[in-house]
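Engineer: File name start.txt; file contents compact mmCIF, C-alpha atoms; full text below.
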# COMPACT_ATOMS: atom_id res chain seq x y z
CA MET N 1 -202.37 87.90 -119.57
CA PHE N 2 -199.54 88.06 -122.07
CA PRO N 3 -199.59 91.85 -122.62
CA VAL N 4 -199.64 92.46 -118.85
CA THR N 5 -196.66 90.20 -118.26
CA VAL N 6 -194.66 91.94 -120.94
CA ALA N 7 -195.47 95.32 -119.43
CA LEU N 8 -194.27 94.20 -115.97
CA CYS N 9 -191.00 92.91 -117.38
CA VAL N 10 -190.33 96.14 -119.18
CA VAL N 11 -191.18 98.39 -116.25
CA GLY N 12 -189.87 96.43 -113.22
CA GLY N 13 -187.18 94.16 -114.58
CA SER N 14 -187.04 90.49 -113.64
CA PRO N 15 -189.41 89.83 -110.75
CA GLY N 16 -187.48 86.72 -109.70
CA ARG N 17 -184.14 88.51 -109.26
CA ARG N 18 -185.76 91.47 -107.49
CA THR N 19 -187.56 89.20 -105.00
CA GLY N 20 -184.38 87.24 -104.24
CA ARG N 21 -182.44 90.43 -103.53
CA GLU N 22 -185.20 91.66 -101.26
CA ARG N 23 -185.18 88.39 -99.32
CA VAL N 24 -181.41 88.63 -98.78
CA MET N 25 -181.65 92.25 -97.61
CA ARG N 26 -184.54 91.44 -95.32
CA ARG N 27 -182.64 88.57 -93.74
CA PHE N 28 -179.60 90.79 -93.35
CA SER N 29 -181.60 93.56 -91.67
CA LEU N 30 -183.23 91.06 -89.30
CA ALA N 31 -179.78 89.64 -88.52
CA LEU N 32 -178.55 93.15 -87.67
CA VAL N 33 -181.47 93.65 -85.30
CA ALA N 34 -180.92 90.24 -83.69
CA VAL N 35 -177.16 90.73 -83.21
CA GLY N 36 -177.73 94.25 -81.92
CA ALA N 37 -180.32 93.05 -79.41
CA PHE N 38 -177.94 90.30 -78.28
CA LEU N 39 -175.15 92.81 -77.66
CA VAL N 40 -177.47 95.20 -75.79
CA VAL N 41 -178.54 92.36 -73.48
CA LEU N 42 -175.01 90.93 -73.16
CA ALA N 43 -173.34 94.22 -72.20
CA PRO N 44 -174.97 94.62 -68.75
CA MET N 45 -174.57 90.87 -68.12
CA ILE N 46 -170.80 91.18 -68.58
CA ARG N 47 -170.67 94.28 -66.38
CA PHE N 48 -172.95 93.13 -63.57
CA TYR N 49 -172.62 89.34 -63.69
CA ALA N 50 -169.23 88.35 -65.13
CA TYR N 51 -167.16 91.20 -63.66
CA PRO N 52 -168.16 90.70 -59.99
CA ARG N 53 -167.12 87.06 -60.28
CA LEU N 54 -163.70 87.99 -61.63
CA ALA N 55 -162.97 90.92 -59.32
CA VAL N 56 -162.34 88.96 -56.12
CA ALA N 57 -159.16 88.22 -54.19
CA PRO N 58 -158.29 84.51 -54.45
CA ALA N 59 -159.07 82.43 -51.36
CA ASN N 60 -156.18 80.04 -52.03
CA GLN N 61 -153.52 82.72 -52.42
CA ILE N 62 -149.89 81.55 -52.28
CA SER N 63 -147.23 84.18 -52.84
CA GLU N 64 -143.89 85.47 -51.65
CA THR N 65 -142.89 89.12 -51.36
CA GLY N 66 -139.31 90.28 -51.03
CA LEU N 67 -138.27 93.55 -49.39
CA GLN N 68 -134.92 95.12 -48.66
CA ALA N 69 -133.36 97.91 -46.62
CA LYS N 70 -129.79 98.83 -47.43
CA GLY N 71 -127.64 100.54 -44.82
CA ALA N 72 -130.23 100.15 -42.07
CA THR N 73 -129.50 101.03 -38.46
CA ILE N 74 -130.84 98.48 -35.99
CA PHE N 75 -130.39 97.66 -32.33
CA ASP N 76 -128.53 94.38 -31.94
CA ALA N 77 -129.98 92.44 -29.01
CA GLY N 78 -126.81 90.39 -28.69
CA THR N 79 -124.35 93.25 -28.23
CA LEU N 80 -126.90 95.79 -26.94
CA LYS N 81 -125.54 98.27 -29.48
CA GLU N 82 -126.70 100.00 -32.64
CA ILE N 83 -125.27 98.46 -35.82
CA VAL N 84 -125.53 99.25 -39.52
CA THR N 85 -126.46 96.38 -41.81
CA ASP N 86 -128.41 95.47 -44.92
CA LEU N 87 -131.78 93.86 -44.24
CA LYS N 88 -133.69 91.35 -46.32
CA ILE N 89 -137.31 90.64 -45.52
CA LYS N 90 -139.34 87.78 -46.89
CA VAL N 91 -143.14 87.73 -46.52
CA SER N 92 -144.83 84.43 -47.31
CA THR N 93 -148.60 84.67 -47.82
CA VAL N 94 -150.89 81.64 -47.67
CA GLY N 95 -154.66 81.81 -48.07
CA ASP N 96 -156.87 79.81 -45.72
CA ALA N 97 -159.47 78.48 -48.18
CA LYS N 98 -161.42 76.71 -45.43
CA ALA N 99 -161.85 79.94 -43.47
CA ALA N 100 -162.95 81.72 -46.65
CA LYS N 101 -165.86 79.27 -46.98
CA GLU N 102 -166.95 80.05 -43.43
CA HIS N 103 -166.85 83.81 -43.98
CA LYS N 104 -168.79 84.28 -47.21
CA GLY N 105 -167.41 87.08 -49.37
CA SER N 106 -164.18 87.29 -47.35
CA VAL N 107 -160.73 85.74 -47.61
CA THR N 108 -158.22 84.93 -44.88
CA TYR N 109 -154.49 85.34 -45.44
CA VAL N 110 -151.67 84.34 -43.11
CA ASN N 111 -148.47 86.38 -43.56
CA THR N 112 -145.20 85.02 -42.22
CA THR N 113 -142.42 87.62 -42.15
CA VAL N 114 -138.76 86.72 -41.64
CA THR N 115 -136.02 89.36 -41.47
CA THR N 116 -132.32 88.64 -41.97
CA ASP N 117 -129.28 90.91 -41.76
CA SER N 118 -126.10 91.03 -43.83
CA ALA N 119 -124.79 87.89 -42.13
CA GLY N 120 -127.90 86.00 -43.14
CA THR N 121 -129.36 85.74 -39.65
CA MET N 122 -131.17 88.07 -37.32
CA THR N 123 -132.00 86.84 -33.86
CA GLY N 124 -134.01 88.15 -30.97
CA PRO N 125 -132.88 88.49 -27.35
CA ASN N 126 -133.34 84.75 -26.72
CA GLY N 127 -131.57 83.60 -29.87
CA GLU N 128 -134.73 82.98 -31.90
CA VAL N 129 -134.98 83.98 -35.57
CA ARG N 130 -136.72 87.33 -35.67
CA GLY N 131 -140.04 86.94 -37.44
CA GLU N 132 -143.73 87.65 -37.21
CA ILE N 133 -146.97 85.95 -38.18
CA GLU N 134 -150.16 87.89 -38.85
CA ARG N 135 -153.53 86.40 -39.74
CA MET N 136 -155.99 88.74 -41.42
CA THR N 137 -159.51 88.40 -42.82
CA PHE N 138 -160.86 90.93 -45.30
CA ASP N 139 -163.58 91.46 -47.90
CA ALA N 140 -162.56 89.79 -51.16
CA ARG N 141 -163.77 92.76 -53.24
CA THR N 142 -163.21 95.89 -51.16
CA GLY N 143 -160.09 94.84 -49.24
CA GLU N 144 -161.69 96.13 -46.01
CA ALA N 145 -161.15 94.14 -42.83
CA THR N 146 -164.13 91.88 -42.11
CA PRO N 147 -165.88 92.86 -38.86
CA GLY N 148 -166.65 90.33 -36.14
CA ILE N 149 -163.71 88.01 -36.88
CA LYS N 150 -162.34 86.24 -33.78
CA ASP N 151 -159.50 84.27 -35.37
CA ASP N 152 -157.24 87.13 -36.51
CA PHE N 153 -154.00 87.45 -34.59
CA VAL N 154 -150.41 88.65 -34.62
CA SER N 155 -147.47 86.75 -33.15
CA ASP N 156 -143.80 87.63 -32.79
CA THR N 157 -143.07 84.83 -30.33
CA PRO N 158 -143.46 81.17 -31.33
CA GLY N 159 -146.57 79.69 -29.74
CA VAL N 160 -147.94 83.03 -28.55
CA GLU N 161 -150.83 84.55 -30.49
CA ASP N 162 -152.22 87.97 -29.62
CA LYS N 163 -155.81 88.27 -30.84
CA LEU N 164 -156.66 91.50 -32.63
CA VAL N 165 -159.41 93.20 -34.59
CA HIS N 166 -158.28 94.53 -37.95
CA LYS N 167 -159.69 97.78 -39.34
CA GLY N 168 -159.53 99.49 -42.73
CA LEU N 169 -157.59 98.09 -45.69
CA VAL N 170 -155.26 95.35 -44.52
CA ALA N 171 -153.59 93.75 -47.57
CA LYS N 172 -154.80 95.46 -50.73
CA PHE N 173 -156.96 98.28 -52.05
CA PRO N 174 -160.44 97.79 -53.55
CA PHE N 175 -160.92 96.64 -57.10
CA GLU N 176 -161.39 99.86 -59.08
CA THR N 177 -159.49 101.91 -56.50
CA GLN N 178 -160.73 105.50 -56.20
CA LYS N 179 -158.68 108.69 -56.01
CA LYS N 180 -159.45 109.39 -52.38
CA THR N 181 -158.24 108.91 -48.81
CA TYR N 182 -158.58 105.41 -47.33
CA MET N 183 -158.01 103.98 -43.88
CA PHE N 184 -154.99 101.65 -44.04
CA TRP N 185 -153.93 99.14 -41.39
CA ASP N 186 -150.62 99.68 -39.59
CA SER N 187 -149.16 96.48 -38.12
CA THR N 188 -147.05 98.30 -35.52
CA LEU N 189 -149.72 100.59 -34.11
CA LEU N 190 -152.35 97.86 -34.64
CA LYS N 191 -154.89 100.34 -35.97
CA ALA N 192 -156.01 101.92 -39.23
CA VAL N 193 -154.54 105.29 -40.20
CA PRO N 194 -155.58 107.57 -43.12
CA ILE N 195 -153.59 107.15 -46.32
CA LYS N 196 -154.03 109.87 -48.94
CA TYR N 197 -154.21 109.74 -52.71
CA LEU N 198 -151.23 111.76 -54.00
CA GLY N 199 -151.66 111.48 -57.75
CA THR N 200 -151.26 109.19 -60.74
CA THR N 201 -147.84 108.12 -61.96
CA LYS N 202 -146.19 105.34 -63.94
CA ILE N 203 -143.80 102.55 -63.05
CA GLU N 204 -142.16 100.80 -65.99
CA GLY N 205 -145.01 101.94 -68.23
CA MET N 206 -147.80 100.82 -65.89
CA GLU N 207 -150.19 103.51 -64.66
CA VAL N 208 -150.55 103.41 -60.89
CA TYR N 209 -152.13 105.48 -58.15
CA LYS N 210 -149.76 106.88 -55.55
CA PHE N 211 -150.85 106.88 -51.92
CA GLY N 212 -148.94 108.38 -49.00
CA GLN N 213 -149.16 108.02 -45.24
CA THR N 214 -147.06 109.84 -42.65
CA ILE N 215 -147.17 108.76 -39.01
CA PRO N 216 -145.18 111.02 -36.68
CA ALA N 217 -143.31 109.63 -33.68
CA THR N 218 -145.95 107.73 -31.72
CA GLN N 219 -145.66 105.60 -28.60
CA TYR N 220 -146.93 102.08 -29.22
CA ASP N 221 -145.59 100.27 -26.14
CA THR N 222 -143.37 100.48 -23.06
CA MET N 223 -140.47 98.34 -21.89
CA ASP N 224 -138.21 97.87 -18.91
CA ALA N 225 -134.84 98.99 -20.24
CA PRO N 226 -131.45 98.83 -18.49
CA ARG N 227 -130.23 102.25 -17.48
CA SER N 228 -126.93 101.56 -19.19
CA ILE N 229 -128.36 101.36 -22.72
CA LEU N 230 -130.30 104.57 -22.12
CA GLY N 231 -127.17 106.48 -21.16
CA GLU N 232 -128.22 106.70 -17.52
CA SER N 233 -125.98 106.00 -14.53
CA GLY N 234 -126.82 103.41 -11.92
CA ASP N 235 -128.05 99.85 -11.99
CA GLY N 236 -131.42 98.32 -12.68
CA ASN N 237 -134.12 99.01 -15.22
CA VAL N 238 -136.44 101.90 -15.83
CA GLU N 239 -139.62 102.15 -17.83
CA ALA N 240 -138.93 103.51 -21.32
CA GLN N 241 -141.22 104.34 -24.21
CA MET N 242 -141.10 102.48 -27.53
CA MET N 243 -141.66 105.01 -30.30
CA TYR N 244 -142.51 104.47 -33.95
CA SER N 245 -142.69 106.72 -37.00
CA VAL N 246 -143.00 106.00 -40.71
CA ASP N 247 -143.36 107.73 -44.04
CA ARG N 248 -145.15 105.20 -46.25
CA THR N 249 -145.65 105.35 -50.04
CA LEU N 250 -147.73 102.81 -51.95
CA LEU N 251 -148.05 102.46 -55.73
CA VAL N 252 -151.36 100.74 -56.51
CA GLU N 253 -152.64 99.20 -59.74
CA PRO N 254 -156.16 100.73 -59.72
CA HIS N 255 -158.17 97.99 -61.47
CA THR N 256 -156.96 95.17 -59.20
CA GLY N 257 -156.16 97.22 -56.09
CA VAL N 258 -152.84 95.38 -55.75
CA ILE N 259 -149.87 97.19 -54.20
CA ILE N 260 -147.20 97.07 -56.92
CA LYS N 261 -144.49 98.78 -54.88
CA ARG N 262 -144.26 99.67 -51.22
CA THR N 263 -141.68 101.98 -49.66
CA GLU N 264 -141.45 102.81 -45.95
CA ALA N 265 -138.97 105.10 -44.23
CA GLN N 266 -139.09 103.96 -40.60
CA ASN N 267 -137.49 105.55 -37.56
CA ASN N 268 -138.13 103.63 -34.34
CA THR N 269 -136.56 104.56 -31.03
CA ILE N 270 -136.56 103.84 -27.33
CA ASP N 271 -137.27 107.10 -25.52
CA TYR N 272 -136.70 108.03 -21.93
CA GLN N 273 -137.76 111.25 -20.21
CA GLY N 274 -139.10 112.59 -23.50
CA THR N 275 -135.97 112.12 -25.63
CA PRO N 276 -134.80 109.31 -27.96
CA ARG N 277 -132.02 107.28 -26.33
CA VAL N 278 -131.69 104.25 -28.61
CA THR N 279 -132.47 103.73 -32.30
CA THR N 280 -134.07 100.31 -32.73
CA THR N 281 -134.73 100.64 -36.46
CA LYS N 282 -133.87 103.36 -38.92
CA ALA N 283 -134.32 102.11 -42.46
CA VAL N 284 -135.92 102.65 -45.83
CA VAL N 285 -137.71 99.38 -46.55
CA THR N 286 -138.95 98.76 -50.08
CA TYR N 287 -140.04 95.95 -52.38
CA ASP N 288 -137.03 94.45 -54.14
CA ASP N 289 -136.71 94.61 -57.93
CA LYS N 290 -137.78 90.99 -58.42
CA THR N 291 -141.04 91.53 -56.54
CA VAL N 292 -141.85 94.77 -58.38
CA ARG N 293 -141.16 93.15 -61.75
CA LYS N 294 -143.36 90.16 -60.93
CA ASN N 295 -146.17 92.41 -59.71
CA ILE N 296 -146.06 94.42 -62.93
CA ASP N 297 -146.09 91.28 -65.08
CA ASP N 298 -148.87 89.55 -63.15
CA TYR N 299 -151.21 92.38 -62.25
CA GLY N 300 -150.66 94.58 -65.28
CA SER N 301 -152.35 92.00 -67.50
CA GLN N 302 -155.03 91.26 -64.88
CA GLY N 303 -155.78 94.95 -64.55
CA SER N 304 -156.14 95.33 -68.32
CA MET N 305 -158.46 92.34 -68.49
CA LEU N 306 -160.66 93.61 -65.65
CA ASN N 307 -160.85 97.04 -67.27
CA LEU N 308 -162.01 95.42 -70.52
CA VAL N 309 -164.67 93.36 -68.77
CA ARG N 310 -165.94 96.16 -66.54
CA ASN N 311 -165.67 99.20 -68.78
CA VAL N 312 -164.62 98.72 -72.41
CA VAL N 313 -166.57 95.63 -73.50
CA PRO N 314 -169.92 96.60 -71.90
CA GLN N 315 -169.79 100.17 -73.18
CA VAL N 316 -168.63 99.30 -76.69
CA GLY N 317 -171.00 96.32 -76.86
CA PHE N 318 -174.00 98.38 -75.76
CA VAL N 319 -173.31 101.23 -78.19
CA LEU N 320 -172.55 98.85 -81.07
CA GLY N 321 -175.71 96.88 -80.29
CA LEU N 322 -177.84 100.02 -80.45
CA VAL N 323 -176.22 101.04 -83.75
CA LEU N 324 -176.87 97.62 -85.27
CA MET N 325 -180.47 97.56 -84.06
CA ILE N 326 -181.19 101.05 -85.37
CA GLY N 327 -179.46 100.26 -88.67
CA GLY N 328 -181.45 97.04 -89.07
CA VAL N 329 -184.76 98.76 -88.32
CA MET N 330 -184.00 101.61 -90.72
CA MET N 331 -183.03 99.13 -93.43
CA THR N 332 -186.31 97.23 -92.91
CA ARG N 333 -188.30 100.45 -93.17
CA ARG N 334 -186.52 101.45 -96.37
CA GLN N 335 -187.26 98.04 -97.84
CA ALA N 336 -190.93 98.35 -96.86
CA SER N 337 -191.11 101.83 -98.34
CA SER N 338 -189.41 100.69 -101.56
CA GLY N 339 -191.74 97.70 -101.79
CA GLY N 340 -194.76 99.94 -101.35
CA ALA N 341 -193.57 102.20 -104.17
CA ARG N 342 -193.17 99.25 -106.51
CA VAL N 343 -196.69 98.05 -105.68
CA LYS N 344 -198.08 101.44 -106.61
CA GLU N 345 -196.06 101.32 -109.82
CA ARG N 346 -197.55 97.97 -110.72
CA GLU N 347 -201.05 99.11 -109.87
CA ALA N 348 -200.57 102.05 -112.21
CA VAL N 349 -199.48 99.72 -115.00
CA HIS N 350 -202.52 97.51 -114.44
CA ALA N 351 -204.71 100.54 -114.60
Any chance you could give the structure as structure tokens?

Structural biologist:
Amino acid sequence: MFPVTVALCVVGGSPGRRTGRERVMRRFSLALVAVGAFLVVLAPMIRFYAYPRLAVAPANQISETGLQAKGATIFDAGTLKEIVTDLKIKVSTVGDAKAAKEHKGSVTYVNTTVTTDSAGTMTGPNGEVRGEIERMTFDARTGEATPGIKDDFVSDTPGVEDKLVHKGLVAKFPFETQKKTYMFWDSTLLKAVPIKYLGTTKIEGMEVYKFGQTIPATQYDTMDAPRSILGESGDGNVEAQMMYSVDRTLLVEPHTGVIIKRTEAQNNTIDYQGTPRVTTTKAVVTYDDKTVRKNIDDYGSQGSMLNLVRNVVPQVGFVLGLVLMIGGVMMTRRQASSGGARVKEREAVHA
């Protein structure tokens, strides 16, 4: 036995150190395969399990949006004349969490809108503060109005609720907004109107999708108007047409579908015999700076996080997992091949 042992030591070096190194490498290669397999399995779980649970509109939403319109022309119900003033509009949004439980996959928001003029007040013809309440129910992921809802309404008179059926996008765009035309709800016409994708731009460094919607002068109601305010002679009222037009631009954070900035150039009139007689609203209404800044701060980070969870982490994890698995398998094969060569070497020495 002694001569054989000496021969092995001379040819192969220390068998103890060689075996220990091989064990370490084998464990390392198996670890690579295990970690790689874990990442390959984890990647689709993050994409198809974690992401859908994150990409939903909150049922208990509480927020406040500020808008403004400087130098707006409005019809003052008190003096029955057109006046120029600065408008401030506050929209308070409250989510109805109880209703969201009843309509699985949907959320219900109640928007309360109050408009004030330069003097700090803006009243209707009966002295009430001019405001509006709208209740809307929509899919928590797509932003599309939920069909078959009977509780949605709009109200511009305290205690009076006009039931309505929403259509299209009502409050936000879908998570992972696409570069295409959508149907977008108009609260004056009470219907959905196409809104087109106009391109990608940036606002304070945030990449957003720009959507545009132009609605030409459209009759949305009629009213009994005094002849005097229409420029007609004689007493009494006549039936006049209430007309509405808007050029709407929305800047949307694509991963969350949230509207970061909204700008609307409105021109609303009372028409009689086919011509505008009174301007009821002529204004460029837009989110104020505070609202835009808050939207960028809040939804910029949320958008980045959703993009990581949906796109970056699953893709990188899957590719890295495959690389680790392949590397581990190749390392194992090289070790097996090297071990086989050493066995042959030893057999030759024995011979």

Engineer: Contacts between segment 256-269 of chain N and segment 276-317 of chain N, please, where a residue of segment 276-317 of chain N counts if it comes within 7 Å (with all atoms listed in the file); show its shortest atom pair and distance in Å to one decimal, rows by chain and ascending number, as a tab-separated table.

Structural biologist:
residue	atom	partner	partner_atom	distance
N:Pro276	CA	N:Thr269	CA	5.9
N:Val278	CA	N:Thr269	CA	5.4
N:Thr279	CA	N:Thr269	CA	4.4
N:Thr280	CA	N:Thr269	CA	5.2
N:Thr281	CA	N:Asn268	CA	5.0
N:Lys282	CA	N:Asn267	CA	4.4
N:Ala283	CA	N:Gln266	CA	5.4
N:Val284	CA	N:Ala265	CA	4.2
N:Val285	CA	N:Glu264	CA	5.1
N:Thr286	CA	N:Thr263	CA	4.2
N:Tyr287	CA	N:Arg262	CA	5.7
N:Val292	CA	N:Lys261	CA	5.9
N:Asn295	CA	N:Ile260	CA	5.5
N:Ile296	CA	N:Ile260	CA	6.7
N:Gly303	CA	N:Thr256	CA	5.5

Engineer: Excluding same-chain residues fewer than 2 positions from Ser106 of chain N, what lies within 12 Å of it counting only C-alpha atoms, as an MDAnalysis selection string?

Structural biologist: chainID N and resid 56:60 95:104 108:109 136:149

Engineer: For atom CA of Tyr244 of chain N and atom CA of Val91 of chain N, quote the distance in Å rounded to one decimal.

Structural biologist: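 If I compute the distance from atom CA of Tyr244 of chain N to atom CA of Val91 of chain N, I get 20.9 Å.
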
Engineer: Might I get the box with edges along x, y and z of the file that holds all atoms of segment 52-70 of chain N listed there, padded by 6 Å on every side, given as centre and edge lengths in Å to one decimal, as JSON?

Structural biologist:
{"center_x": -149.0, "center_y": 89.4, "center_z": -54.1, "size_x": 50.4, "size_y": 30.8, "size_z": 27.0}

Engineer: Please measure the separation of atom CA of Ala43 of chain N and atom CA of Tyr209 of chain N, giving the value in Å to one decimal.

Structural biologist: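 Between these atoms lies a distance of 27.8 Å.
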
Engineer: Counting all atoms listed in the file, figure out which residue out of N:Ala225, N:Ala37, N:Ile46, N:Leu190 gets nearest to Val323 of chain N.

Structural biologist: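 Of N:Ala225, N:Ala37, N:Ile46, N:Leu190, the one nearest Val323 of chain N, counting all atoms listed in the file, is N:Ala37.
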
Engineer: Using only C-alpha atoms, which of N:Glu239, N:Asp289, N:Glu253, N:Asp221 sits nearest Thr65 of chain N?

Structural biologist: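 That would be N:Asp289, the residue with the smallest distance to Thr65 of chain N.
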
Engineer: Can you tell me how far atom CA of Gln273 of chain N sits from atom CA of Ala240 of chain N, in Å to one decimal?

Structural biologist: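 Distance between the two atoms: 7.9 Å.
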
Engineer: Within 12 Å of Met45 of chain N, counting all atoms listed in the file, which residues qualify if same-chain residues fewer than 4 places away don't, as a list in words?

Structural biologist: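 So the residues in contact are Phe38, Leu39, Val40, Val41, Tyr49, Ala50, Tyr51, Pro52, Arg53, Val309, Arg310, Val313, Pro314, Gln315, Gly317 and Phe318 of chain N.
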